[in-house]
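Printed here is input-v3.cif (mmCIF, C-alpha atoms and all ligand atoms):
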```cif
data_my_file
loop_
_atom_site.label_atom_id
_atom_site.label_comp_id
_atom_site.auth_asym_id
_atom_site.auth_seq_id
_atom_site.Cartn_x
_atom_site.Cartn_y
_atom_site.Cartn_z
CA MET W 1 -7.65 -24.13 -33.57
CA LYS W 2 -5.02 -21.43 -33.35
CA LYS W 3 -7.77 -18.83 -33.24
CA ILE W 4 -9.52 -20.59 -30.35
CA PHE W 5 -6.21 -20.87 -28.51
CA THR W 6 -5.65 -17.14 -29.01
CA ILE W 7 -9.11 -16.37 -27.66
CA ILE W 8 -8.47 -18.57 -24.62
CA LEU W 9 -5.18 -16.76 -24.04
CA ALA W 10 -6.96 -13.43 -24.41
CA ILE W 11 -9.54 -14.46 -21.80
CA ILE W 12 -6.80 -15.60 -19.41
CA GLY W 13 -5.07 -12.28 -20.01
CA PHE W 14 -8.28 -10.39 -19.29
CA PHE W 15 -8.79 -12.08 -15.93
CA THR W 16 -5.11 -11.74 -15.04
CA ALA W 17 -5.26 -8.01 -15.75
CA ASN W 18 -8.32 -7.61 -13.56
CA ALA W 19 -6.79 -9.67 -10.77
CA GLN W 20 -4.04 -7.00 -10.47
CA LEU W 21 -5.17 -4.93 -7.52
CA GLU W 22 -4.39 -1.26 -7.57
CA CYS W 23 -3.36 -1.04 -3.98
CA GLY W 24 -2.71 -3.29 -1.01
CA THR W 25 -2.90 -0.65 1.73
CA LYS W 26 -4.78 -1.99 4.73
CA VAL W 27 -7.14 0.08 6.85
CA THR W 28 -7.34 -0.72 10.53
CA GLY W 29 -9.46 1.05 13.09
CA PRO W 30 -10.18 3.35 14.70
CA PRO W 31 -10.81 6.13 12.14
CA ILE W 32 -8.37 9.04 12.36
CA ARG W 33 -10.50 12.18 12.55
CA PHE W 34 -9.73 15.84 13.11
CA SER W 35 -12.37 17.82 14.98
CA THR W 36 -13.46 21.25 13.78
CA LYS W 37 -12.09 22.69 17.03
CA GLN W 38 -8.73 21.03 16.44
CA GLN W 39 -8.54 22.27 12.86
CA ASP W 40 -9.61 25.78 13.89
CA SER W 41 -6.76 25.92 16.39
CA LEU W 42 -4.34 24.89 13.63
CA ARG W 43 -5.89 27.06 10.94
CA SER W 44 -2.91 29.30 10.18
CA ILE W 45 -0.45 26.44 9.78
CA LEU W 46 -2.92 24.22 7.93
CA ALA W 47 -3.65 26.91 5.36
CA VAL W 48 -2.69 26.08 1.81
CA THR W 49 -0.45 29.17 1.88
CA THR W 50 1.82 27.39 4.38
CA PRO W 51 4.37 25.27 2.52
CA TYR W 52 5.02 21.70 3.59
CA ALA W 53 8.18 19.91 2.48
CA VAL W 54 8.48 16.12 2.77
CA ARG W 55 11.82 14.33 2.41
CA VAL W 56 11.72 11.41 -0.04
CA HIS W 57 14.28 8.62 -0.39
CA ILE W 58 13.86 6.20 -3.31
CA THR W 59 15.32 2.68 -3.38
CA VAL W 60 15.24 0.75 -6.66
CA PHE W 61 15.88 -2.94 -6.18
CA ALA W 62 17.74 -5.23 -8.60
CA ASP W 63 18.80 -8.87 -8.44
CA ASP W 64 21.91 -9.91 -6.52
CA ASN W 65 24.04 -9.67 -9.68
CA GLY W 66 22.69 -6.24 -10.62
CA THR W 67 20.35 -7.46 -13.37
CA ASN W 68 16.55 -7.03 -13.52
CA VAL W 69 16.72 -3.48 -12.22
CA ALA W 70 13.13 -2.76 -11.15
CA ALA W 71 12.90 0.61 -12.92
CA THR W 72 15.00 2.89 -15.10
CA ASN W 73 16.20 6.14 -13.61
CA ALA W 74 14.33 8.05 -16.33
CA ASN W 75 11.02 6.37 -15.42
CA VAL W 76 11.59 6.84 -11.70
CA MET W 77 12.15 10.55 -12.23
CA ARG W 78 9.17 10.82 -14.61
CA GLN W 79 6.83 9.33 -12.00
CA PHE W 80 8.44 11.35 -9.19
CA ASN W 81 7.85 14.53 -11.18
CA ASN W 82 4.23 13.47 -11.71
CA MET W 83 3.86 13.19 -7.94
CA VAL W 84 5.50 16.59 -7.44
CA ASN W 85 2.92 18.12 -9.79
CA GLN W 86 0.00 16.30 -8.13
CA TYR W 87 0.88 17.70 -4.66
CA GLN W 88 1.86 21.22 -5.77
CA PRO W 89 -1.73 22.62 -5.68
CA GLN W 90 -1.87 21.61 -1.99
CA ASN W 91 1.48 23.35 -1.39
CA ILE W 92 3.12 20.07 -0.40
CA CYS W 93 6.54 19.69 -2.01
CA PHE W 94 9.25 17.07 -1.87
CA ILE W 95 12.95 17.11 -1.06
CA LEU W 96 14.50 14.31 -3.10
CA VAL W 97 17.21 13.04 -0.77
CA ASP W 98 18.50 10.29 -3.06
CA VAL W 99 17.67 7.60 -5.60
CA ARG W 100 19.80 4.51 -5.05
CA GLN W 101 20.00 0.96 -6.37
CA VAL W 102 20.14 -1.95 -3.93
CA ASN W 103 20.99 -5.40 -5.30
CA SER W 104 18.87 -8.06 -3.59
CA THR W 105 17.04 -10.76 -5.51
CA ASP W 106 14.94 -11.37 -2.41
CA LEU W 107 13.74 -7.77 -2.10
CA ASN W 108 13.37 -7.41 -5.86
CA ASN W 109 10.65 -10.08 -5.67
CA HIS W 110 8.65 -8.86 -2.72
CA ASP W 111 5.50 -10.27 -1.15
CA ALA W 112 3.97 -7.24 0.55
CA ASP W 113 1.71 -9.41 2.73
CA THR W 114 4.39 -11.60 4.28
CA GLU W 115 7.73 -9.82 3.77
CA GLU W 116 7.05 -6.25 4.89
CA ALA W 117 9.58 -6.47 7.75
CA GLU W 118 12.38 -7.24 5.25
CA LEU W 119 12.24 -3.56 4.24
CA ASN W 120 13.23 -2.34 7.71
CA PRO W 121 17.02 -2.41 7.20
CA TYR W 122 16.59 -0.26 4.07
CA ARG W 123 14.37 2.46 5.55
CA ILE W 124 16.13 5.83 5.82
CA THR W 125 15.21 7.76 8.96
CA GLY W 126 13.49 11.09 8.41
CA CYS W 127 12.23 10.27 4.91
CA LEU W 128 9.22 8.93 3.09
CA ASN W 129 10.84 5.77 1.72
CA ILE W 130 9.72 4.68 -1.75
CA PHE W 131 10.70 1.11 -2.61
CA ILE W 132 10.46 -0.16 -6.19
CA HIS W 133 10.41 -3.90 -6.80
CA ASN W 134 10.65 -5.76 -10.09
CA SER W 135 7.93 -8.09 -8.82
CA LEU W 136 5.25 -7.12 -6.28
CA PRO W 137 2.81 -9.99 -6.80
CA GLY W 138 -0.83 -8.98 -7.14
CA LEU W 139 -0.24 -5.26 -6.58
CA ASN W 140 0.64 -2.02 -8.31
CA GLY W 141 1.58 -0.57 -4.95
CA THR W 142 0.96 -0.51 -1.21
CA ALA W 143 1.52 1.93 1.62
CA TYR W 144 1.08 -0.96 4.10
CA ALA W 145 -0.65 1.26 6.70
CA ILE W 146 -2.23 4.70 7.23
CA PRO W 147 -0.24 6.77 8.11
CA ASN W 148 3.19 5.42 7.26
CA THR W 149 6.70 6.44 6.21
CA TYR W 150 7.30 3.80 3.53
CA LEU W 151 5.57 2.38 0.50
CA SER W 152 6.24 -0.19 -2.21
CA LEU W 153 5.60 0.08 -5.96
CA SER W 154 5.90 -2.46 -8.76
CA GLY W 155 8.36 -1.81 -11.56
CA ALA W 156 5.53 -2.11 -14.11
CA THR W 157 3.73 0.78 -12.40
CA ILE W 158 6.81 2.98 -12.70
CA ALA W 159 7.21 2.05 -16.39
CA SER W 160 3.55 2.76 -17.24
CA THR W 161 2.79 5.78 -19.41
CA THR W 162 -0.96 5.63 -18.67
CA ASN W 163 -0.87 5.14 -14.91
CA LEU W 164 0.74 8.33 -13.62
CA THR W 165 -0.62 8.36 -10.10
CA THR W 166 0.17 5.20 -8.15
CA MET W 167 3.21 6.83 -6.50
CA GLY W 168 1.08 9.85 -5.50
CA HIS W 169 -1.79 7.54 -4.45
CA GLU W 170 0.35 5.46 -2.09
CA ALA W 171 1.99 8.61 -0.72
CA GLY W 172 -1.56 9.87 -0.07
CA HIS W 173 -2.17 6.83 2.15
CA CYS W 174 1.12 7.47 3.93
CA PHE W 175 -0.07 11.04 4.58
CA GLY W 176 -3.38 9.83 6.08
CA LEU W 177 -5.81 9.55 3.16
CA TYR W 178 -8.26 6.70 2.78
CA HIS W 179 -9.68 5.49 -0.54
CA THR W 180 -12.67 7.58 -1.64
CA PHE W 181 -14.65 4.29 -1.75
CA GLU W 182 -13.43 3.09 1.67
CA ASN W 183 -16.13 1.26 3.63
CA PHE W 184 -14.11 0.03 6.61
CA PHE W 185 -15.91 2.62 8.77
CA GLY W 186 -19.18 2.24 6.82
CA SER W 187 -20.31 2.93 3.26
CA GLU W 188 -20.71 6.65 2.57
CA ASN W 189 -23.99 8.04 1.28
CA VAL W 190 -24.27 10.57 -1.51
CA THR W 191 -26.11 13.39 0.28
CA ARG W 192 -24.14 16.45 1.41
CA ASN W 193 -27.16 17.94 3.23
CA SER W 194 -26.34 17.69 6.93
CA GLY W 195 -30.06 17.87 7.73
CA ASN W 196 -30.71 14.69 5.74
CA ALA W 197 -31.00 11.48 7.79
CA CYS W 198 -28.67 9.79 5.30
CA TYR W 199 -25.86 12.35 5.86
CA ASP W 200 -22.73 10.47 6.93
CA CYS W 201 -19.82 11.83 4.83
CA ASP W 202 -18.00 12.98 7.99
CA VAL W 203 -18.00 9.56 9.67
CA ASP W 204 -18.16 7.01 6.81
CA GLY W 205 -16.23 6.41 3.60
CA ASP W 206 -13.00 8.45 3.56
CA LEU W 207 -14.30 10.77 6.35
CA LEU W 208 -14.20 13.72 3.92
CA CYS W 209 -17.23 15.58 2.57
CA ASP W 210 -15.55 17.32 -0.37
CA THR W 211 -14.87 13.96 -2.05
CA ALA W 212 -18.14 12.63 -3.47
CA ALA W 213 -19.39 9.27 -2.23
CA ASP W 214 -17.70 6.53 -4.24
CA ASP W 215 -19.25 3.18 -5.18
CA PRO W 216 -17.44 0.58 -3.02
CA THR W 217 -18.96 -2.39 -4.87
CA ASP W 218 -16.52 -2.56 -7.76
CA PRO W 219 -14.28 0.50 -7.69
CA ASN W 220 -11.89 -0.94 -10.25
CA GLY W 221 -14.20 -1.49 -13.16
CA GLN W 222 -17.05 1.01 -13.38
CA VAL W 223 -15.45 4.05 -15.02
CA ASN W 224 -15.18 4.35 -18.81
CA SER W 225 -12.31 5.88 -20.77
CA SER W 226 -14.10 9.25 -20.78
CA CYS W 227 -13.87 9.19 -16.96
CA VAL W 228 -17.64 8.73 -16.61
CA TYR W 229 -19.01 6.39 -13.94
CA ILE W 230 -21.14 3.73 -15.63
CA GLY W 231 -21.88 1.46 -12.66
CA GLY W 232 -25.41 2.85 -12.26
CA ARG W 233 -25.51 1.90 -8.60
CA THR W 234 -27.19 3.75 -5.76
CA ASP W 235 -26.24 4.26 -2.12
CA ALA W 236 -28.12 2.73 0.82
CA CYS W 237 -30.67 5.56 0.58
CA GLY W 238 -31.36 4.90 -3.11
CA VAL W 239 -29.46 7.95 -4.40
CA ALA W 240 -27.35 7.41 -7.55
CA TYR W 241 -23.59 7.57 -7.08
CA ASN W 242 -21.68 10.29 -8.91
CA PRO W 243 -18.20 9.33 -7.74
CA PRO W 244 -15.03 11.46 -8.03
CA THR W 245 -13.50 9.64 -11.00
CA THR W 246 -10.65 12.16 -11.31
CA ASN W 247 -9.56 11.82 -7.70
CA ILE W 248 -6.15 10.27 -7.06
CA MET W 249 -7.52 8.20 -4.16
CA THR W 250 -10.14 6.33 -6.19
CA TYR W 251 -9.53 3.36 -8.51
CA GLY W 252 -11.65 3.55 -11.68
CA ASP W 253 -9.74 4.36 -14.86
CA ARG W 254 -6.20 5.15 -13.74
CA ALA W 255 -5.64 7.64 -16.53
CA CYS W 256 -8.53 9.73 -15.13
CA ARG W 257 -6.97 10.27 -11.73
CA ILE W 258 -5.35 13.70 -11.53
CA VAL W 259 -6.44 15.66 -8.43
CA PHE W 260 -6.59 15.88 -4.66
CA THR W 261 -9.39 17.95 -3.12
CA ASN W 262 -8.68 20.75 -0.66
CA GLY W 263 -10.24 18.56 2.04
CA GLN W 264 -7.68 15.90 1.27
CA GLY W 265 -4.92 18.54 1.33
CA THR W 266 -6.05 19.82 4.73
CA ARG W 267 -6.24 16.26 6.04
CA MET W 268 -2.70 15.48 4.84
CA ARG W 269 -1.33 18.68 6.39
CA SER W 270 -3.20 17.93 9.63
CA MET W 271 -1.58 14.50 9.73
CA MET W 272 1.87 15.91 9.00
CA ILE W 273 1.82 18.24 12.01
CA THR W 274 0.04 15.97 14.50
CA SER W 275 1.13 12.42 13.70
CA GLY W 276 4.22 11.18 15.54
CA THR W 277 4.82 8.96 12.52
CA LEU W 278 4.89 11.82 10.01
CA ILE W 279 6.39 14.75 11.94
CA PRO W 280 9.96 13.42 11.41
CA ILE W 281 9.65 13.34 7.60
CA VAL W 282 8.54 16.98 7.25
CA ALA W 283 11.52 19.28 6.81
CA ASP W 284 12.01 22.62 8.52
CA ASN W 285 12.64 25.64 6.30
CA VAL W 286 16.09 26.24 7.76
CA VAL W 287 18.19 23.43 9.21
CA PHE W 288 21.45 23.55 11.13
CA ALA W 289 23.58 20.40 11.40
CA PRO W 290 24.60 20.18 14.17
CA ALA W 291 21.63 22.03 15.67
CA THR W 292 23.74 23.43 18.51
CA ASN W 293 27.45 23.83 19.20
CA SER W 294 28.53 20.21 19.10
CA ALA W 295 29.93 17.57 16.79
CA LEU W 296 28.31 15.20 14.32
CA THR W 297 30.45 12.27 13.20
CA TYR W 298 29.36 9.63 10.70
CA THR W 299 31.51 6.59 9.91
CA SER W 300 28.92 4.12 8.54
CA GLY W 301 25.29 3.80 7.48
CA VAL W 302 23.12 5.89 5.16
CA GLY W 303 21.54 9.16 6.28
CA GLN W 304 20.63 12.71 5.41
CA ASP W 305 20.49 16.29 6.53
CA SER W 306 18.09 18.48 4.63
CA GLY W 307 16.02 21.62 4.86
CA ARG W 308 13.42 23.20 2.63
CA ASP W 309 15.19 26.51 2.00
CA GLU W 310 18.58 26.52 3.72
CA LEU W 311 20.94 23.91 5.15
CA TYR W 312 23.93 24.98 7.22
CA ILE W 313 26.61 22.34 7.81
CA SER W 314 28.87 23.10 10.78
CA ASN W 315 27.54 26.64 11.15
CA ASN W 316 29.47 27.80 14.21
CA THR W 317 33.17 27.94 14.88
CA THR W 318 32.92 25.24 17.54
CA ASP W 319 30.83 22.90 15.33
CA ASN W 320 32.23 19.91 13.57
CA TYR W 321 30.57 17.79 10.90
CA THR W 322 32.66 14.80 9.88
CA VAL W 323 31.91 12.05 7.36
CA SER W 324 34.39 9.19 6.97
CA GLY W 325 34.59 5.42 6.53
CA THR W 326 31.69 3.82 4.67
CA ALA W 327 29.13 6.43 5.70
CA VAL W 328 26.80 7.73 2.96
CA ARG W 329 25.41 11.22 3.70
CA ASN W 330 22.98 13.16 1.53
CA LEU W 331 22.95 16.92 2.14
CA VAL W 332 19.99 18.45 0.31
CA SER W 333 18.27 21.84 0.30
CA LYS W 334 17.52 24.82 -1.92
CA LYS W 335 20.70 26.45 -0.56
CA ILE W 336 23.50 24.60 1.21
CA TYR W 337 26.31 26.24 3.20
CA LEU W 338 29.40 24.20 4.07
CA LYS W 339 31.12 26.06 6.89
CA PRO W 340 34.55 25.69 8.55
CA GLY W 341 34.62 22.50 10.61
CA THR W 342 33.19 20.39 7.78
CA ARG W 343 35.32 17.31 6.99
CA PHE W 344 34.50 14.80 4.25
CA THR W 345 37.00 11.90 4.05
CA PRO W 346 34.98 8.92 2.80
CA ALA W 347 36.72 5.58 2.36
CA SER W 348 35.78 2.94 -0.21
CA GLY W 349 32.00 2.69 -0.24
CA GLY W 350 31.55 5.96 1.58
CA GLN W 351 29.93 8.90 -0.23
CA VAL W 352 28.83 12.46 0.42
CA HIS W 353 26.20 13.92 -1.93
CA VAL W 354 25.64 17.68 -1.76
CA LYS W 355 22.54 18.40 -3.82
CA VAL W 356 20.40 21.41 -4.56
CA ASN W 357 16.73 20.43 -4.40
CA PRO W 358 14.67 21.91 -7.26
CA TYR W 359 11.28 20.51 -6.17
CA CYS W 360 10.33 23.10 -3.50
CA ASN W 361 9.93 26.58 -4.94
ZN ZN W 401 -4.85 2.76 -2.23
#
```

Could you write out this structure as structure tokens?
Ligand SMILES: [Zn+2]
Amino acid sequence: MKKIFTIILAIIGFFTANAQLECGTKVTGPPIRFSTKQQDSLRSILAVTTPYAVRVHITVFADDNGTNVAATNANVMRQFNNMVNQYQPQNICFILVDVRQVNSTDLNNHDADTEEAELNPYRITGCLNIFIHNSLPGLNGTAYAIPNTYLSLSGATIASTTNLTTMGHEAGHCFGLYHTFENFFGSENVTRNSGNACYDCDVDGDLLCDTAADDPTDPNGQVNSSCVYIGGRTDACGVAYNPPTTNIMTYGDRACRIVFTNGQGTRMRSMMITSGTLIPIVADNVVFAPATNSALTYTSGVGQDSGRDELYISNNTTDNYTVSGTAVRNLVSKKIYLKPGTRFTPASGGQVHVKVNPYCN
């Protein structure tokens, strides 16, 4: 009897595990495409030799009384470093503005379908906001929309030592990438011969031709532990799928996912310099705060000033940069200069963090 009970439990466990969706990001039309002419005109700044630096702010939720912290700091940093490494080949780096804990039982148990707007008060302007929840029912993560400046991850995803890519995957959606198996615009065929009547990789699937057509039928369960596709399915033209099982934007076996293609890198960079949503989260190489002779005064709220290479606070003799009261300011860059005119006098609850960012070389 006990054995039967165990088997029943095992079966329930099996179905529960499979019910856990990788990602809740929703695609809505129309497709976001970049014409060859548009990309040619941007060629020099889209090149992989041009560095892109994205500001990231991480919020880890806990219950009202500070218990049930959604993720340990060590695991957050382990997964953040994984993401840093995944984007490095595309010369996209990250400025880690801050990792903070927010106590809210409500946000720590977050329904991404119905409670998305509850995140709004916690979004930090100018950053990709990563929210980590102890419970994110039904999901490992979601970027909510494409493109976007915030995403949610489950605590279990952050703790996982086999799934190293959900943070990078959801960030990919935020930066404009679709799933490789996306069929919202139409299922993609396998052929890469533009003379073939079945050729559609530029308008269907993920709109990219350097990611192989991916089987949309059951993208979560057709890759074995050797990263080989075993679904055996064919596209609408009868050609066998050979999907990109190592791509970060597929599902398959999560441990197999390790790379972005150059087409995906170009698409992300194109989004970062053309999307009104994303332009504010990409940092300039050198930043002056204030930008001109003037004064910046912060007495409440959470915010940041950051640059990729150099950050000058109160650079000119007539500048003033003042932080007081309950304001929390994060000043982050490879090099930071605090010039005359800088005043930090935080009261209880106020903080100023001056941090050297090691993630953009
Ligand atoms: Zn996804």

Take the point (-4.9, 6.0, -19.1) as written in the file and pick out every residue within 7 Å of it, counting all atoms listed in the file; give the list as a ChimeraX atom specification. /W:162-163,253-256

Can I get the residues of chain W within 7 Å of ligand ZN 401 (chain W), each with the closest pair of atoms and their distance in Å to one decimal, using all atoms listed in the file, sorted chain first then ascending number, as a Markdown table?
```
| residue | atom | partner | partner_atom | distance |
| --- | --- | --- | --- | --- |
| W:Glu22 | CA | W:ZN401 | ZN | 6.7 |
| W:Cys23 | CA | W:ZN401 | ZN | 4.4 |
| W:Gly24 | CA | W:ZN401 | ZN | 6.5 |
| W:Thr25 | CA | W:ZN401 | ZN | 5.6 |
| W:Thr142 | CA | W:ZN401 | ZN | 6.7 |
| W:His169 | CA | W:ZN401 | ZN | 6.1 |
| W:Glu170 | CA | W:ZN401 | ZN | 5.9 |
| W:His173 | CA | W:ZN401 | ZN | 6.6 |
| W:His179 | CA | W:ZN401 | ZN | 5.8 |
| W:Met249 | CA | W:ZN401 | ZN | 6.4 |
```

Within 6 Å of (4.9, -11.3, -4.7) (file coordinates; all atoms listed in the file), which protein or nucleic acid residues are there? I'd like them as number ranges by chain. W: 109-111, 136-137

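Remark: for Phe80 of chain W, the closest of the candidate residues W:Met167, W:Met271, W:Val27, W:Ala112 is W:Met167 (distances computed over only C-alpha atoms).
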
What does the distance from atom CA of Phe131 of chain W to atom CA of Phe61 of chain W come to in Å, to one decimal? 7.5 Å

Contacts of Asp206 of chain W at 6 Å (all atoms listed in the file; same-chain gap of 3+ positions) as a ChimeraX atom specification: /W:178,180,182

Only C-alpha atoms, please: the residues just picked out, written as a compact mmCIF listing (two decimals), in the coordinates of the input.
```
# COMPACT_ATOMS: atom_id res chain seq x y z
CA TYR W 178 -8.26 6.70 2.78
CA THR W 180 -12.67 7.58 -1.64
CA GLU W 182 -13.43 3.09 1.67
```
